[in-house]
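Listing of structure_6.txt; format and content: compact mmCIF, C-alpha atoms.
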```
# COMPACT_ATOMS: atom_id res chain seq x y z
CA MET L 1 144.07 251.11 96.77
CA THR L 2 140.49 252.33 96.80
CA GLU L 3 139.75 255.19 94.42
CA ILE L 4 137.14 257.63 95.71
CA LEU L 5 135.13 259.35 92.99
CA VAL L 6 132.59 262.07 93.75
CA VAL L 7 129.74 262.96 91.39
CA THR L 8 128.83 266.57 92.05
CA SER L 9 127.42 269.69 90.34
CA GLY L 10 126.27 272.44 92.66
CA LYS L 11 122.96 272.81 90.88
CA GLY L 12 120.18 270.29 91.47
CA GLY L 13 118.38 268.29 88.81
CA VAL L 14 121.27 268.07 86.36
CA GLY L 15 121.63 264.29 86.55
CA LYS L 16 124.00 263.54 89.44
CA THR L 17 122.16 260.46 90.70
CA THR L 18 121.57 259.14 87.17
CA THR L 19 125.29 259.60 86.56
CA SER L 20 126.37 258.04 89.87
CA ALA L 21 124.22 254.98 89.20
CA SER L 22 125.49 254.57 85.64
CA LEU L 23 129.18 255.17 86.39
CA ALA L 24 129.12 252.77 89.36
CA THR L 25 127.34 250.12 87.29
CA GLY L 26 129.70 250.68 84.34
CA LEU L 27 132.79 250.28 86.54
CA ALA L 28 131.30 247.10 88.00
CA GLN L 29 130.58 245.77 84.49
CA LEU L 30 134.31 246.07 83.81
CA GLY L 31 135.07 243.86 86.80
CA LYS L 32 135.78 246.49 89.47
CA LYS L 33 134.44 246.05 92.99
CA VAL L 34 132.30 249.14 93.46
CA ALA L 35 130.24 250.78 96.21
CA VAL L 36 127.99 253.73 95.45
CA ILE L 37 126.98 255.95 98.39
CA ASP L 38 124.03 258.34 98.54
CA PHE L 39 125.17 261.46 100.47
CA ASP L 40 121.80 263.20 100.17
CA VAL L 41 120.73 262.77 103.79
CA GLY L 42 117.00 263.33 104.16
CA LEU L 43 116.30 262.91 100.44
CA ARG L 44 117.23 259.32 99.63
CA ASN L 45 116.92 258.61 95.88
CA LEU L 46 119.85 256.60 94.62
CA ASP L 47 118.14 253.41 95.84
CA LEU L 48 115.22 254.09 93.45
CA ILE L 49 117.49 254.73 90.48
CA MET L 50 119.45 251.55 91.27
CA GLY L 51 116.21 249.61 91.77
CA CYS L 52 116.93 248.42 95.32
CA GLU L 53 114.54 250.67 97.29
CA ARG L 54 112.66 247.79 98.90
CA ARG L 55 115.81 246.16 100.18
CA VAL L 56 117.08 249.09 102.28
CA VAL L 57 117.27 248.01 105.92
CA TYR L 58 120.19 250.02 107.27
CA ASP L 59 121.66 253.20 105.84
CA PHE L 60 124.79 255.38 105.79
CA VAL L 61 123.93 257.19 109.05
CA ASN L 62 123.19 253.89 110.85
CA VAL L 63 126.74 252.81 110.05
CA ILE L 64 128.24 256.13 111.15
CA GLN L 65 126.35 256.00 114.43
CA GLY L 66 127.29 252.36 115.06
CA GLU L 67 123.72 251.04 114.82
CA ALA L 68 124.69 248.68 112.00
CA THR L 69 127.87 247.31 110.51
CA LEU L 70 129.02 248.29 107.06
CA LYS L 71 128.37 244.73 105.86
CA GLN L 72 124.79 244.88 107.10
CA ALA L 73 124.12 248.19 105.40
CA LEU L 74 125.67 247.48 102.00
CA ILE L 75 122.99 246.33 99.56
CA ARG L 76 124.28 243.97 96.91
CA ASP L 77 123.02 244.75 93.42
CA LYS L 78 120.67 242.12 91.99
CA ARG L 79 122.38 242.22 88.59
CA MET L 80 126.05 242.21 89.58
CA ASP L 81 127.63 240.71 92.67
CA ASN L 82 130.58 243.14 92.71
CA LEU L 83 128.33 246.23 93.00
CA TYR L 84 126.92 247.55 96.29
CA VAL L 85 124.68 250.45 97.28
CA LEU L 86 124.80 252.36 100.57
CA ALA L 87 121.53 254.26 100.94
CA ALA L 88 121.14 257.73 102.44
CA SER L 89 119.37 258.09 105.72
CA GLN L 90 115.89 259.64 105.72
CA THR L 91 116.63 261.52 108.96
CA ARG L 92 115.99 265.24 109.06
CA ASP L 93 119.00 265.78 111.28
CA LYS L 94 121.42 267.80 109.16
CA ASP L 95 124.32 266.99 111.47
CA ALA L 96 123.98 263.21 111.10
CA LEU L 97 126.91 263.19 108.68
CA THR L 98 130.26 263.99 110.23
CA GLN L 99 133.72 264.12 108.72
CA GLU L 100 134.98 261.43 111.12
CA GLY L 101 131.96 259.26 110.37
CA VAL L 102 132.42 259.51 106.60
CA GLU L 103 136.12 258.77 106.96
CA LYS L 104 135.32 255.69 109.06
CA VAL L 105 132.95 254.31 106.39
CA LEU L 106 135.45 254.98 103.58
CA LYS L 107 138.20 253.24 105.58
CA GLY L 108 135.89 250.28 106.10
CA LEU L 109 135.30 250.06 102.34
CA GLU L 110 139.05 250.19 101.73
CA GLU L 111 139.52 247.28 104.15
CA GLU L 112 136.90 245.35 102.18
CA LYS L 113 139.10 245.85 99.09
CA PHE L 114 136.71 247.97 97.06
CA ASP L 115 138.31 249.32 93.87
CA TYR L 116 135.96 252.30 93.55
CA VAL L 117 133.68 254.21 95.89
CA VAL L 118 131.29 256.50 94.00
CA CYS L 119 129.93 259.32 96.18
CA ASP L 120 126.63 260.73 94.94
CA SER L 121 126.64 264.32 96.22
CA PRO L 122 123.52 266.28 97.15
CA ALA L 123 122.90 269.59 95.36
CA GLY L 124 124.18 272.81 96.90
CA ILE L 125 127.44 273.54 98.69
CA GLU L 126 126.32 272.74 102.23
CA LYS L 127 127.65 270.05 104.56
CA GLY L 128 126.47 266.98 102.63
CA ALA L 129 128.01 268.24 99.39
CA HIS L 130 131.18 269.26 101.19
CA LEU L 131 131.60 265.84 102.82
CA ALA L 132 130.83 264.01 99.56
CA MET L 133 133.76 265.75 97.86
CA TYR L 134 136.13 266.07 100.82
CA PHE L 135 137.85 262.67 100.56
CA ALA L 136 137.69 262.40 96.76
CA ASP L 137 140.59 261.38 94.53
CA GLN L 138 138.57 262.11 91.38
CA ALA L 139 135.51 264.22 90.70
CA VAL L 140 132.92 264.10 87.96
CA VAL L 141 131.23 267.49 87.70
CA VAL L 142 127.89 267.07 85.94
CA VAL L 143 126.84 270.12 83.95
CA ASN L 144 123.91 270.89 81.66
CA PRO L 145 124.31 273.31 78.71
CA GLU L 146 122.43 276.02 80.56
CA VAL L 147 123.63 279.24 82.25
CA SER L 148 122.91 278.50 85.91
CA SER L 149 124.36 275.01 85.74
CA VAL L 150 127.56 276.23 84.06
CA ARG L 151 128.06 278.98 86.62
CA ASP L 152 127.50 276.60 89.55
CA SER L 153 129.93 274.11 88.03
CA ASP L 154 132.63 276.74 87.98
CA ARG L 155 132.08 277.33 91.67
CA ILE L 156 132.24 273.60 92.38
CA LEU L 157 135.48 273.28 90.37
CA GLY L 158 136.90 276.04 92.59
CA LEU L 159 135.83 274.19 95.75
CA LEU L 160 137.36 270.93 94.47
CA ALA L 161 140.66 272.75 94.08
CA SER L 162 140.62 274.15 97.60
CA LYS L 163 138.22 272.44 100.02
CA THR L 164 139.22 268.79 99.81
CA ARG L 165 141.54 266.60 101.82
CA HIS L 166 144.08 266.52 98.99
CA ALA L 167 144.06 270.32 98.65
CA GLU L 168 144.27 270.94 102.41
CA SER L 169 147.02 268.42 103.11
CA GLY L 170 148.96 269.19 99.92
CA SER L 171 148.85 265.50 98.99
CA GLY L 172 148.13 266.17 95.33
CA GLU L 173 144.95 267.31 93.73
CA VAL L 174 141.53 265.93 92.87
CA ARG L 175 141.44 264.76 89.24
CA GLN L 176 138.59 266.74 87.69
CA HIS L 177 136.28 265.46 84.96
CA LEU L 178 133.53 267.49 83.35
CA LEU L 179 130.48 265.57 82.16
CA LEU L 180 128.04 267.45 79.93
CA SER L 181 124.58 265.94 80.11
CA ARG L 182 121.13 266.66 78.60
CA TYR L 183 122.91 267.66 75.39
CA ASN L 184 120.69 268.27 72.38
CA PRO L 185 122.70 268.58 69.12
CA VAL L 186 119.65 269.83 67.19
CA ARG L 187 119.18 272.78 69.53
CA VAL L 188 122.92 273.47 69.54
CA ALA L 189 122.91 273.62 65.74
CA ALA L 190 119.96 276.03 65.88
CA GLY L 191 121.90 278.34 68.20
CA GLU L 192 119.51 277.71 71.07
CA MET L 193 121.89 275.79 73.33
CA LEU L 194 125.49 276.17 74.46
CA SER L 195 127.80 273.82 72.56
CA VAL L 196 130.40 271.41 73.96
CA LYS L 197 133.08 273.88 72.88
CA ASP L 198 131.30 276.84 74.57
CA VAL L 199 131.07 275.00 77.90
CA GLU L 200 134.67 273.80 77.67
CA GLU L 201 135.92 277.30 76.92
CA ILE L 202 133.95 278.99 79.67
CA LEU L 203 135.00 276.49 82.34
CA GLY L 204 138.54 275.99 81.02
CA ILE L 205 138.34 272.18 81.20
CA SER L 206 137.59 269.59 78.55
CA VAL L 207 134.71 267.15 78.83
CA VAL L 208 135.14 263.50 79.77
CA GLY L 209 131.82 262.71 78.14
CA VAL L 210 128.68 264.15 76.57
CA ILE L 211 125.38 262.48 77.42
CA PRO L 212 122.68 263.27 74.86
CA GLU L 213 119.20 264.22 76.04
CA SER L 214 117.35 260.93 75.78
CA GLU L 215 113.91 259.56 76.51
CA GLN L 216 115.54 256.36 77.70
CA VAL L 217 116.93 258.12 80.79
CA LEU L 218 113.42 258.56 82.18
CA ALA L 219 112.41 255.07 81.09
CA ALA L 220 115.44 253.65 82.90
CA SER L 221 114.70 255.54 86.11
CA ASN L 222 111.06 254.46 85.91
CA ALA L 223 112.24 250.86 85.82
CA GLY L 224 115.01 251.22 88.41
CA VAL L 225 117.67 250.12 85.94
CA PRO L 226 120.75 252.36 85.46
CA VAL L 227 120.58 253.70 81.89
CA ILE L 228 124.11 252.44 81.15
CA LEU L 229 122.62 248.91 81.04
CA ASP L 230 120.40 249.95 78.11
CA ASN L 231 122.81 249.18 75.28
CA GLU L 232 120.32 250.42 72.71
CA SER L 233 120.07 253.93 74.12
CA LEU L 234 122.46 256.69 73.08
CA ALA L 235 122.69 257.87 76.70
CA GLY L 236 123.68 254.36 77.82
CA GLN L 237 126.36 254.14 75.14
CA ALA L 238 127.64 257.64 76.01
CA TYR L 239 127.94 256.58 79.68
CA GLN L 240 129.90 253.46 78.62
CA ASP L 241 132.31 255.69 76.69
CA THR L 242 132.61 257.95 79.73
CA VAL L 243 133.52 255.07 82.06
CA ALA L 244 136.18 253.91 79.58
CA ARG L 245 137.67 257.44 79.45
CA ILE L 246 137.71 257.72 83.25
CA LEU L 247 139.74 254.51 83.24
CA GLY L 248 142.18 256.10 80.83
CA GLU L 249 141.00 254.83 77.46
CA GLU L 250 140.79 257.31 74.58
CA ARG L 251 137.50 257.32 72.73
CA PRO L 252 136.11 259.97 70.38
CA LEU L 253 132.96 261.84 71.48
CA ARG L 254 129.76 260.49 69.92
CA PHE L 255 126.23 261.82 69.52
CA ILE L 256 127.29 265.49 69.51
CA ASP L 257 126.33 266.22 65.90
CA VAL L 258 122.92 266.42 64.30
CA GLN L 259 121.84 263.17 62.68
CA ARG L 260 121.22 263.85 59.01
CA LYS L 261 117.60 263.49 58.00
CA GLY L 262 116.18 262.87 54.56
CA LEU L 263 114.71 265.83 52.68
CA LEU L 264 111.14 264.65 53.16
CA LYS L 265 111.62 264.26 56.90
CA ARG L 266 113.18 267.70 57.10
CA MET L 267 110.26 269.34 55.31
CA PHE L 268 107.42 267.52 56.90
CA GLY L 269 108.79 266.77 60.33
CA GLY L 270 109.65 263.55 62.07
CA MET E 1 110.40 270.63 62.26
CA GLY E 2 107.90 271.35 59.49
CA ILE E 3 107.77 273.47 56.37
CA LEU E 4 106.37 276.44 58.28
CA ASP E 5 109.55 276.70 60.34
CA PHE E 6 111.48 277.71 57.22
CA LEU E 7 109.14 280.62 56.61
CA ARG E 8 109.30 282.02 60.12
CA ALA E 9 111.84 284.68 60.95
CA LYS E 10 115.02 283.22 62.36
CA PRO E 11 115.11 283.69 66.14
CA LYS E 12 118.04 285.46 67.77
CA ASN E 13 120.95 283.19 68.59
CA SER E 14 120.40 282.86 72.33
CA ALA E 15 123.36 280.51 72.85
CA ASN E 16 125.71 283.36 71.95
CA VAL E 17 124.05 285.59 74.52
CA ALA E 18 124.39 282.87 77.15
CA ARG E 19 128.05 282.38 76.30
CA GLU E 20 128.92 286.06 76.60
CA ARG E 21 127.05 286.49 79.89
CA LEU E 22 128.75 283.42 81.35
CA ARG E 23 132.21 284.53 80.23
CA ILE E 24 131.84 287.79 82.12
CA ILE E 25 130.29 286.46 85.32
CA VAL E 26 132.62 283.46 85.57
CA ALA E 27 135.70 285.67 85.12
CA GLN E 28 134.41 288.09 87.75
CA GLU E 29 133.64 285.34 90.25
CA ARG E 30 137.02 283.69 89.72
CA SER E 31 138.81 286.95 90.48
CA THR E 32 137.33 287.09 93.97
CA ARG E 33 137.59 283.35 94.65
CA GLY E 34 139.86 282.14 97.41
CA GLY E 35 139.93 285.59 98.96
CA PRO E 36 138.19 286.44 102.21
CA ASP E 37 134.40 286.41 102.20
CA TYR E 38 134.28 290.15 102.84
CA LEU E 39 135.77 291.06 99.45
CA PRO E 40 132.48 291.37 97.51
CA LEU E 41 130.96 293.48 100.30
CA LEU E 42 134.11 295.60 100.57
CA ARG E 43 133.95 296.15 96.84
CA SER E 44 130.33 297.27 96.88
CA GLU E 45 130.83 299.60 99.85
CA LEU E 46 133.88 301.16 98.22
CA LEU E 47 131.86 301.64 95.08
CA GLU E 48 129.18 303.45 97.08
CA VAL E 49 131.72 305.84 98.63
CA ILE E 50 133.43 306.55 95.32
CA ARG E 51 130.10 307.24 93.69
CA LYS E 52 129.46 310.04 96.19
CA TYR E 53 132.27 311.96 94.47
CA VAL E 54 132.63 310.57 90.96
CA HIS E 55 130.09 308.86 88.83
CA VAL E 56 131.63 305.53 87.87
CA GLU E 57 130.15 302.40 86.36
CA PRO E 58 129.39 299.49 88.74
CA ASP E 59 132.23 297.42 87.24
CA ALA E 60 134.78 300.25 87.48
CA VAL E 61 135.99 299.19 90.92
CA ASN E 62 138.32 296.24 90.94
CA VAL E 63 139.48 294.68 94.20
CA VAL E 64 142.08 291.93 94.10
CA LEU E 65 143.84 290.21 96.98
CA GLU E 66 147.26 289.00 95.95
CA SER E 67 149.73 286.92 97.88
CA ASP E 68 153.33 287.78 97.11
CA SER E 69 156.13 285.99 98.98
CA GLY E 70 154.35 285.91 102.31
CA HIS E 71 152.73 289.36 102.01
CA ASP E 72 149.07 289.76 101.24
CA VAL E 73 148.42 292.83 99.12
CA LEU E 74 144.96 294.24 98.66
CA GLU E 75 145.00 295.95 95.30
CA LEU E 76 142.27 298.41 94.49
CA SER E 77 141.82 300.05 91.12
CA VAL E 78 139.12 302.46 90.00
CA ALA E 79 138.58 303.27 86.35
CA LEU E 80 137.40 306.89 86.14
CA PRO E 81 135.16 307.99 83.29
CA GLU E 82 137.06 309.80 80.52
CA THR E 83 134.88 312.91 80.40
CA GLU E 84 135.81 313.95 83.97
CA HIS E 85 139.06 315.56 82.75
CA ASP E 86 137.28 317.90 80.35
CA ASN E 87 135.20 319.60 83.04
CA PRO E 88 137.39 321.59 85.43
```
Write-out of the structure in structure tokens:
Amino acid sequence: MTEILVVTSGKGGVGKTTTSASLATGLAQLGKKVAVIDFDVGLRNLDLIMGCERRVVYDFVNVIQGEATLKQALIRDKRMDNLYVLAASQTRDKDALTQEGVEKVLKGLEEEKFDYVVCDSPAGIEKGAHLAMYFADQAVVVVNPEVSSVRDSDRILGLLASKTRHAESGSGEVRQHLLLSRYNPVRVAAGEMLSVKDVEEILGISVVGVIPESEQVLAASNAGVPVILDNESLAGQAYQDTVARILGEERPLRFIDVQRKGLLKRMFGG
Amino acid sequence: MGILDFLRAKPKNSANVARERLRIIVAQERSTRGGPDYLPLLRSELLEVIRKYVHVEPDAVNVVLESDSGHDVLELSVALPETEHDNP
């Protein structure tokens, strides 16, 4: 059985692609056969974050339109041979993605015995975002501790409960996970940023992970290496915890409290 | 963070403000969710009509669509200001 997991948010720039890349890589590290699909037609970016941008020959829309086979379009990750990327098309045609086309590609991946398909949703609630979530069994809603992101997440949670195949056919519901990213415990302690508890209370759902704001996220995207592979970084470790929780393991949240500093550091900075 | 930060006045806790604003707007948006798209417009037009006769606050008009055993009921409630009763 192939599990379809959408990474979505409503708002742009909150870390959907970073999250898609890291979750897909993390699932593959644990031995799952994983495909990660970029649904952002016209604004391809997942390939850059995964570090395979120069190996894109065929894309998602080519497969839908029958110009390439799924096997031709799937790009095998250089680091892991059970991880594949399906790039977004750079076409400007908004109608290139169709529900039938997406369903055909997902069926093809199921026939190839993929364990997980991670769908990297575009921002917004238009067609691309709708199709990315439509066939999902699970959803990771990425939210930043910031008012517009929290409000948009609530709207997306509402759409996941009503505008998906499971909701429409009554075949169960999409399992929802909330992932809080760009979290800064120092600013939370200073009362400048919404806390984990605030976001959980407002949205009425508990978090599956908290990714601390980290310089390593930019460094990883610069290098084209998903940050989850950086074992030294707090963000990478937080993503590893998140993958384990999605698979049902219980792990306590880390990196959500201020690291204690020595008195000298507190007085003179550092 | 340096020694000067301790001497500066403590800024207002903006996270609390964010939390309260979000609580209100999220609750309001959830109440109209799932209903027909015309509900927000219906609500604002009703508010306009009511305001021709009574001065009410913008959040005084509440429109809810409820489904009850096969019947859809559009429930409309208007909270009138208290002082109206004192002026005949």
Which residues come within 8 Å of Asp154 (chain L), counting only C-alpha atoms, excluding same-chain residues fewer than 3 positions away, as a list in words? Val150, Arg151, Leu157, Gly158 and Leu203 of chain L; Val26 of chain E
Between CA of Pro81 (chain E) and CA of Val63 (chain E), what distance in Å does the model show, to one decimal?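 Taking CA of Pro81 (chain E) and CA of Val63 (chain E), their separation equals 17.7 Å.
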Using all atoms listed in the file, which protein or nucleic acid residues come within 9 Å of Gly13 (chain L)? Drop anything in the same chain fewer than 3 positions from it, and give the result as number ranges by chain. L: 16-17, 123
With all atoms listed in the file as the atoms that count, which of L:Ala190, L:Ala68, L:Leu48, L:Val117 lies nearest to chain E? L:Ala190
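Shortest atom-to-atom contact with Ser121 (chain L) among L:Glu201, L:Asp241, L:Glu232, L:Asp40: L:Asp40, counting all atoms listed in the file.
Checking L:Ser153, L:Thr69, L:Thr98, L:Asn62 one by one against chain E, counting all atoms listed in the file, you find the shortest gap at L:Ser153.
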Non-local contacts of Phe39 (chain L) (10 Å; all atoms listed in the file; under 3 positions in same chain excluded) as number ranges by chain: L: 36, 42-46, 60-61, 86-89, 97, 102, 119-123, 127-133
Residues of chain L near chain E: apply a cut-off of 12 Å, count only C-alpha atoms, and supply the list as a PDB file with C-alpha atoms, keeping the file's coordinate frame.
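Written out: part-v9.pdb:
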```
ATOM      1  CA  PRO L 145     124.310 273.310  78.710  1.00  0.00           C
ATOM      2  CA  GLU L 146     122.430 276.020  80.560  1.00  0.00           C
ATOM      3  CA  VAL L 147     123.630 279.240  82.250  1.00  0.00           C
ATOM      4  CA  SER L 148     122.910 278.500  85.910  1.00  0.00           C
ATOM      5  CA  SER L 149     124.360 275.010  85.740  1.00  0.00           C
ATOM      6  CA  VAL L 150     127.560 276.230  84.060  1.00  0.00           C
ATOM      7  CA  ARG L 151     128.060 278.980  86.620  1.00  0.00           C
ATOM      8  CA  ASP L 152     127.500 276.600  89.550  1.00  0.00           C
ATOM      9  CA  SER L 153     129.930 274.110  88.030  1.00  0.00           C
ATOM     10  CA  ASP L 154     132.630 276.740  87.980  1.00  0.00           C
ATOM     11  CA  ARG L 155     132.080 277.330  91.670  1.00  0.00           C
ATOM     12  CA  ILE L 156     132.240 273.600  92.380  1.00  0.00           C
ATOM     13  CA  LEU L 157     135.480 273.280  90.370  1.00  0.00           C
ATOM     14  CA  GLY L 158     136.900 276.040  92.590  1.00  0.00           C
ATOM     15  CA  LEU L 159     135.830 274.190  95.750  1.00  0.00           C
ATOM     16  CA  LEU L 160     137.360 270.930  94.470  1.00  0.00           C
ATOM     17  CA  ALA L 161     140.660 272.750  94.080  1.00  0.00           C
ATOM     18  CA  SER L 162     140.620 274.150  97.600  1.00  0.00           C
ATOM     19  CA  LYS L 163     138.220 272.440 100.020  1.00  0.00           C
ATOM     20  CA  VAL L 186     119.650 269.830  67.190  1.00  0.00           C
ATOM     21  CA  ARG L 187     119.180 272.780  69.530  1.00  0.00           C
ATOM     22  CA  VAL L 188     122.920 273.470  69.540  1.00  0.00           C
ATOM     23  CA  ALA L 189     122.910 273.620  65.740  1.00  0.00           C
ATOM     24  CA  ALA L 190     119.960 276.030  65.880  1.00  0.00           C
ATOM     25  CA  GLY L 191     121.900 278.340  68.200  1.00  0.00           C
ATOM     26  CA  GLU L 192     119.510 277.710  71.070  1.00  0.00           C
ATOM     27  CA  MET L 193     121.890 275.790  73.330  1.00  0.00           C
ATOM     28  CA  LEU L 194     125.490 276.170  74.460  1.00  0.00           C
ATOM     29  CA  SER L 195     127.800 273.820  72.560  1.00  0.00           C
ATOM     30  CA  VAL L 196     130.400 271.410  73.960  1.00  0.00           C
ATOM     31  CA  LYS L 197     133.080 273.880  72.880  1.00  0.00           C
ATOM     32  CA  ASP L 198     131.300 276.840  74.570  1.00  0.00           C
ATOM     33  CA  VAL L 199     131.070 275.000  77.900  1.00  0.00           C
ATOM     34  CA  GLU L 200     134.670 273.800  77.670  1.00  0.00           C
ATOM     35  CA  GLU L 201     135.920 277.300  76.920  1.00  0.00           C
ATOM     36  CA  ILE L 202     133.950 278.990  79.670  1.00  0.00           C
ATOM     37  CA  LEU L 203     135.000 276.490  82.340  1.00  0.00           C
ATOM     38  CA  GLY L 204     138.540 275.990  81.020  1.00  0.00           C
ATOM     39  CA  LYS L 261     117.600 263.490  58.000  1.00  0.00           C
ATOM     40  CA  LEU L 263     114.710 265.830  52.680  1.00  0.00           C
ATOM     41  CA  LEU L 264     111.140 264.650  53.160  1.00  0.00           C
ATOM     42  CA  LYS L 265     111.620 264.260  56.900  1.00  0.00           C
ATOM     43  CA  ARG L 266     113.180 267.700  57.100  1.00  0.00           C
ATOM     44  CA  MET L 267     110.260 269.340  55.310  1.00  0.00           C
ATOM     45  CA  PHE L 268     107.420 267.520  56.900  1.00  0.00           C
ATOM     46  CA  GLY L 269     108.790 266.770  60.330  1.00  0.00           C
ATOM     47  CA  GLY L 270     109.650 263.550  62.070  1.00  0.00           C
TER      48      GLY L 270
END
```
One number please: CA of Leu229 (chain L) to CA of Arg54 (chain L), in Å, one decimal.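 We find that CA of Leu229 (chain L) and CA of Arg54 (chain L) lie 20.5 Å from each other.
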Hey, can you check how far CA of Ala96 (chain L) sits from CA of Val56 (chain L)?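 It comes out at 18.0 Å.
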Using all atoms listed in the file, find all polymer residues with an atom at most 9 Å away from the point (135.9, 298.6, 89.7); report them as a list in words. Arg43, Leu47, Val56, Glu57, Pro58, Asp59, Ala60, Val61, Asn62, Val63, Leu76, Ser77, Val78 and Ala79 of chain E
Completion of region 20-26 of chain L up to all heavy atoms, as a short mmCIF file (atom, residue, chain, number, x, y, z; two decimals), in the frame of the given file:
```
data_model
loop_
_atom_site.label_atom_id
_atom_site.label_comp_id
_atom_site.auth_asym_id
_atom_site.auth_seq_id
_atom_site.Cartn_x
_atom_site.Cartn_y
_atom_site.Cartn_z
N SER L 20 125.75 258.89 88.85
CA SER L 20 126.37 258.04 89.87
C SER L 20 126.00 256.58 89.64
O SER L 20 126.85 255.69 89.68
CB SER L 20 125.90 258.44 91.27
OG SER L 20 126.26 259.77 91.55
N ALA L 21 124.71 256.35 89.40
CA ALA L 21 124.22 254.98 89.20
C ALA L 21 124.88 254.36 87.96
O ALA L 21 125.33 253.20 87.99
CB ALA L 21 122.70 254.97 89.05
N SER L 22 124.95 255.12 86.88
CA SER L 22 125.49 254.57 85.64
C SER L 22 127.00 254.37 85.71
O SER L 22 127.52 253.37 85.23
CB SER L 22 125.12 255.45 84.45
OG SER L 22 123.81 255.13 84.03
N LEU L 23 127.73 255.33 86.30
CA LEU L 23 129.18 255.17 86.39
C LEU L 23 129.54 253.99 87.30
O LEU L 23 130.41 253.18 86.97
CB LEU L 23 129.84 256.45 86.91
CG LEU L 23 129.73 257.70 86.03
CD1 LEU L 23 130.56 258.84 86.62
CD2 LEU L 23 130.18 257.42 84.60
N ALA L 24 128.84 253.87 88.44
CA ALA L 24 129.12 252.77 89.36
C ALA L 24 128.84 251.44 88.67
O ALA L 24 129.65 250.50 88.73
CB ALA L 24 128.27 252.91 90.63
N THR L 25 127.70 251.36 87.98
CA THR L 25 127.34 250.12 87.29
C THR L 25 128.34 249.81 86.17
O THR L 25 128.75 248.67 85.98
CB THR L 25 125.91 250.25 86.71
OG1 THR L 25 125.02 250.58 87.79
CG2 THR L 25 125.45 248.96 86.07
N GLY L 26 128.74 250.86 85.44
CA GLY L 26 129.70 250.68 84.34
C GLY L 26 131.05 250.18 84.84
O GLY L 26 131.66 249.30 84.23
#
```
